[in-house]
Structure formats: structure tokens, C-alpha cells
Amino acid sequence: MAATPKQTQAVQSALVDGGMSAADKLSLHDLQQVKKVIEASVDRAEKMNIAIAKTGAQLLALGVENATSVPVKAMVRAIEQNLAQLNGLNAEQKQALVNAKKGVDNVERNTSHRPGRSSE
Amino acid sequence: MFDRLQKPFLTVETGEAYQPIKLNYNLLQKDKLIEALNKLKCLKKNPSAPSWDWFWQAECDDLHFESLDAFKRNPERPIRLGTITIREKQLYFSLPSFKRACLAVPFFHKLLPEEIVTPRNADFINKVFGLDERLPHGFTELFKDEELEAIVRQRLEDYHKTQERCEQAATAEEAFGVLSEYTKTEAGKRLPYAERYVFQPDTQDPDIAFLGFYIFLRGRELVAIKRWFGDSGYSLADAADETVEQVFGGMDIDILD
């Protein structure tokens with residue numbers, strides 16, 4: 001998968017708009033990879049947190065544990081750890097990821113309505 | 001089925017579904033309890049029996065029923081929320097809805113010290129009633145102590161087996177898989193007609209414990225209402241999912257602050 005000059009320019013514009021100074025050092029491919037990694041990890045954490053919360057709610061609904069019990073507390077801690085991991089990125093990393101997402105989203109939006117998209 | 005889809009179920013004055021529930025307390029100091037109950041202005045003693053009617057007034061005036069925002073309360077005729085009875089070494093609350101039970105437990109927890117009474121369990125029915133349906137006359141005919149205890153015992157035995165499997169699991173992920181499979185299966189089963197909730201003694205944080213009681217009853221109320229409207233496959237697992245959705249929203253995790 002290669003980025004056309006036009007797409008690269010679009011990504012760069014988007015990144016500059018997003019306030020990322022090192023935008024010209026990143027290729028579309030890099031950005032897409034970054035975006036995929038971010039989305040996959042967020043998706044994993046979301047799914048895990050939902051599974052943990054559902055199981056906790058079901059334990060309470062069954063009445064075999066109450067809300068102050070050790071297993072339920074452990075589950076709440078696991079959810080918090082998942083969130084903390086996601087939120088553990090420093091400000092620079094967060095900004096880079098946000099910009100990368102924004103840049104790729106812009107390129108995809110700009111090219112999606114055209115026939116014969118070369119970036120996909 | 002289609003008849004039922006058109007029919008509303010029976011509700012109480014405060015708007016929620018009629019579902020009889022009986023709260024059972026251990027009575028530790030009878031004289032002090034009677035003294036405490038007689039002091040409360042929201043209670044009115046029945047002259048011929050050791051029982052009190054609990055009204056929506058005075059100390060409990062600010063209790064809120066979401067289902068009833070448009071209701072005009074008449075201070076001259078306060079709504080009776082339930083009945084409190086002392087029998088031998090027990091204290092009973094007879095209430096007509098789960099919502100009232102969820103409000104009663106924390107409300108009376110603040111007013112009645114643990115040295116006097118402690119909540120033991122709650123017995124209730126897993127159904128809503130039609131407007132023209134014959135209503136149960138008393139709780140005794142509905143709640144068989146041995147049957148209710150057997151259900152609780154069986155459920156705890158199954159859970160303890162699952163706990164053992166969790167402890168033997170090689171990794172935390174595997175243990176969680178065992179636990180979530182158990183809850184999914186158990187919460188997918190059909191609920192018994194009558195059931196019991198057992199309060200945990202020595203709870204450090206009562207407010208959180210009351211939240212557990214609310215989740216327990218709220219799930220069952222949802223199941224009863226969904227089934228009334230013909231969703232026969234709706235289970236406690238579905239209700240728990242809805243509760244999670246309501247409490248946590250869509251669990252959207254945004255890396256943006």
C-alpha cells in the first residue's frame with residue numbers, strides 16, 4: 001500500500017492543522033499503521049472492560065456476591081487498570097496519536113467517494 | 001400472548017410494578033425498636049397489633065420515585081408505602097414493589113441502629129400481575145422458607161465450585177473466562193417464581209451494599225416486565241447488560257481528555 005503525493009500532502013495538511021510539528025516525517029502508511037494499533041488496543045480494552053463489567057453485574061444480579069465483595073472489587077480494579085493503561089500515554093504521545101487518527105480519517109474521507117481509490 | 005401485549009400490568013400508586021416483597025430483619029432489642037419506631041412521624045401504629053403503617057411523609061418526605069414525576073401528592077392523605085410488623089424475634093417489612101424495598105432498606109438503616117435490628121433477607125415474587133389477576137392475600141402462602149433457602153444454597157454451591165476452578169486456573173485470563181462463563185450461563189436461566197436475597201452481615205460500606213441489592217432487584221423487575229410483554233427469552237443476563245449500559249454508558253474510552 002503506497003500513498004500518492006496528493007494523499008501524503010492531504011495527511012500533512014491535516015496534521016499541521018492538528019498542530020503536529022513533525023508531520024512531514026510521517027508517511028500515510030506509518031499513520032495508518034499507528035491508527036490500526038491504537039484502534040486495536042482501544043478495542044481490546046473496551047471489550048475487556050465491558051466483559052468484566054457484565055460479569056460483575058451478573059454476579060451481583062445472581063446474588064452470589066455483593067458489591068463490596070473481593071471478586072467484585074477485583075473486577076472494578078481490573079477495569080480501572082485497563083483505563084489507566086489507555087490513559088497512561090504522555091501528552092506528546094496522545095497528541096501524536098490524535099493527530100495520526102485525524103490525518104488518516106481526513107485522507108480516507110477525501111478519497112472515499114472517488115472511484116479507484118489508490119490508498120486502499 | 002397478543003392479549004397480554006395490549007394489557008398493562010398492575011402498578012402501585014407511586015408508578016412502579018406491583019411485586020410483593022418482604023424484608024426480614026433480625027430483631028436484637030425489641031423494646032428499643034418499639035421505642036424508635038414510635039418516635040418516627042412517618043409511621044403510624046396499628047392500635048390492635050404490633051405493626052405500623054409506613055407513610056410517604058415527614059422523615060421520608062423527600063424519597064423520590066422517578067416513575068411519578070407528574071403525581072400530585074395530597075398532604076392530607078399521604079400514600080402508605082408499606083407495613084412493618086414485629087413477630088416474636090423478627091421484624092418484617094411488607095412492601096408492594098421492589099423500588100420501595102430499595103428505598104426502605106437504606107432509609108431505615110439510618111434510623112434504626114445495628115444494635116437493634118439487622119437486615120437478614122428479602123423474599124419476593126419474580127412476576128408482575130395483571131389488572132384483573134387474583135392477588136396473593138398473604139406472604140406466607142407464597143414464600144416457603146425451605147424452598148427459598150434451597151435455591152440460595154444450590155446457587156452458592158455452584159458458585160463455590162466455580163471459585164475453586166478459578167483458583168486452579170493457570171492465568172488470570174483463564175480464571176476470568178471460567179467466571180464469566182459461569183455468570184453468563186446462570187444469568188441466562190429462567191428465574192424461580194419466588195426467590196430470596198440474603199443480606200451480607202458486617203458490610204463495611206452499606207451504601208455500596210445497597211447498590212448491590214438494587215442491581216439484584218432491578219434486574220428481576222426488568223425480566224418480569226419484559227416477559228409480561230411477551231419477550232419470553234429475556235433473562236437476567238440481558239438485564240445485567242442493560243444495567244451495565246445504563247451505569248457505564250457505551251463504555252466509550254476516548255484517548256482525548
# chains A, B, ... in the order shown; residues from 1 in each chain; ligands from 1

$ interface_residues --of "chain B" --to "chain A" --cutoff "8 Å" --atoms "only C-alpha atoms" --output "NGL selection string"
:B and (155-156 or 159 or 179-180 or 183-184 or 186-187 or 197-198 or 200 or 203-205 or 208-209 or 211-213 or 215-217 or 219 or 236-237 or 240-241 or 243-244 or 251-253 or 255-256)

$ select_by_dssp --residues "range 70-100 of chain B" --states "strand (DSSP E)" --output "ChimeraX atom specification"
/B:80-87,90-95

$ closest_residue --among "B:Leu43, B:Leu111, B:Val128, B:Ile86" --to "Phe98 in chain B" --atoms "only C-alpha atoms"
B:Val128

$ atom_distance --atom1 "CA of Val105 in chain B" --atom2 "CA of Trp56 in chain B"
14.7 Å

$ atom_distance --atom1 "CA of Met48 in chain A" --atom2 "CA of Thr171 in chain B"
15.3 Å

$ atom_distance --atom1 "CA of Tyr234 in chain B" --atom2 "CA of Ile79 in chain A"
26.8 Å
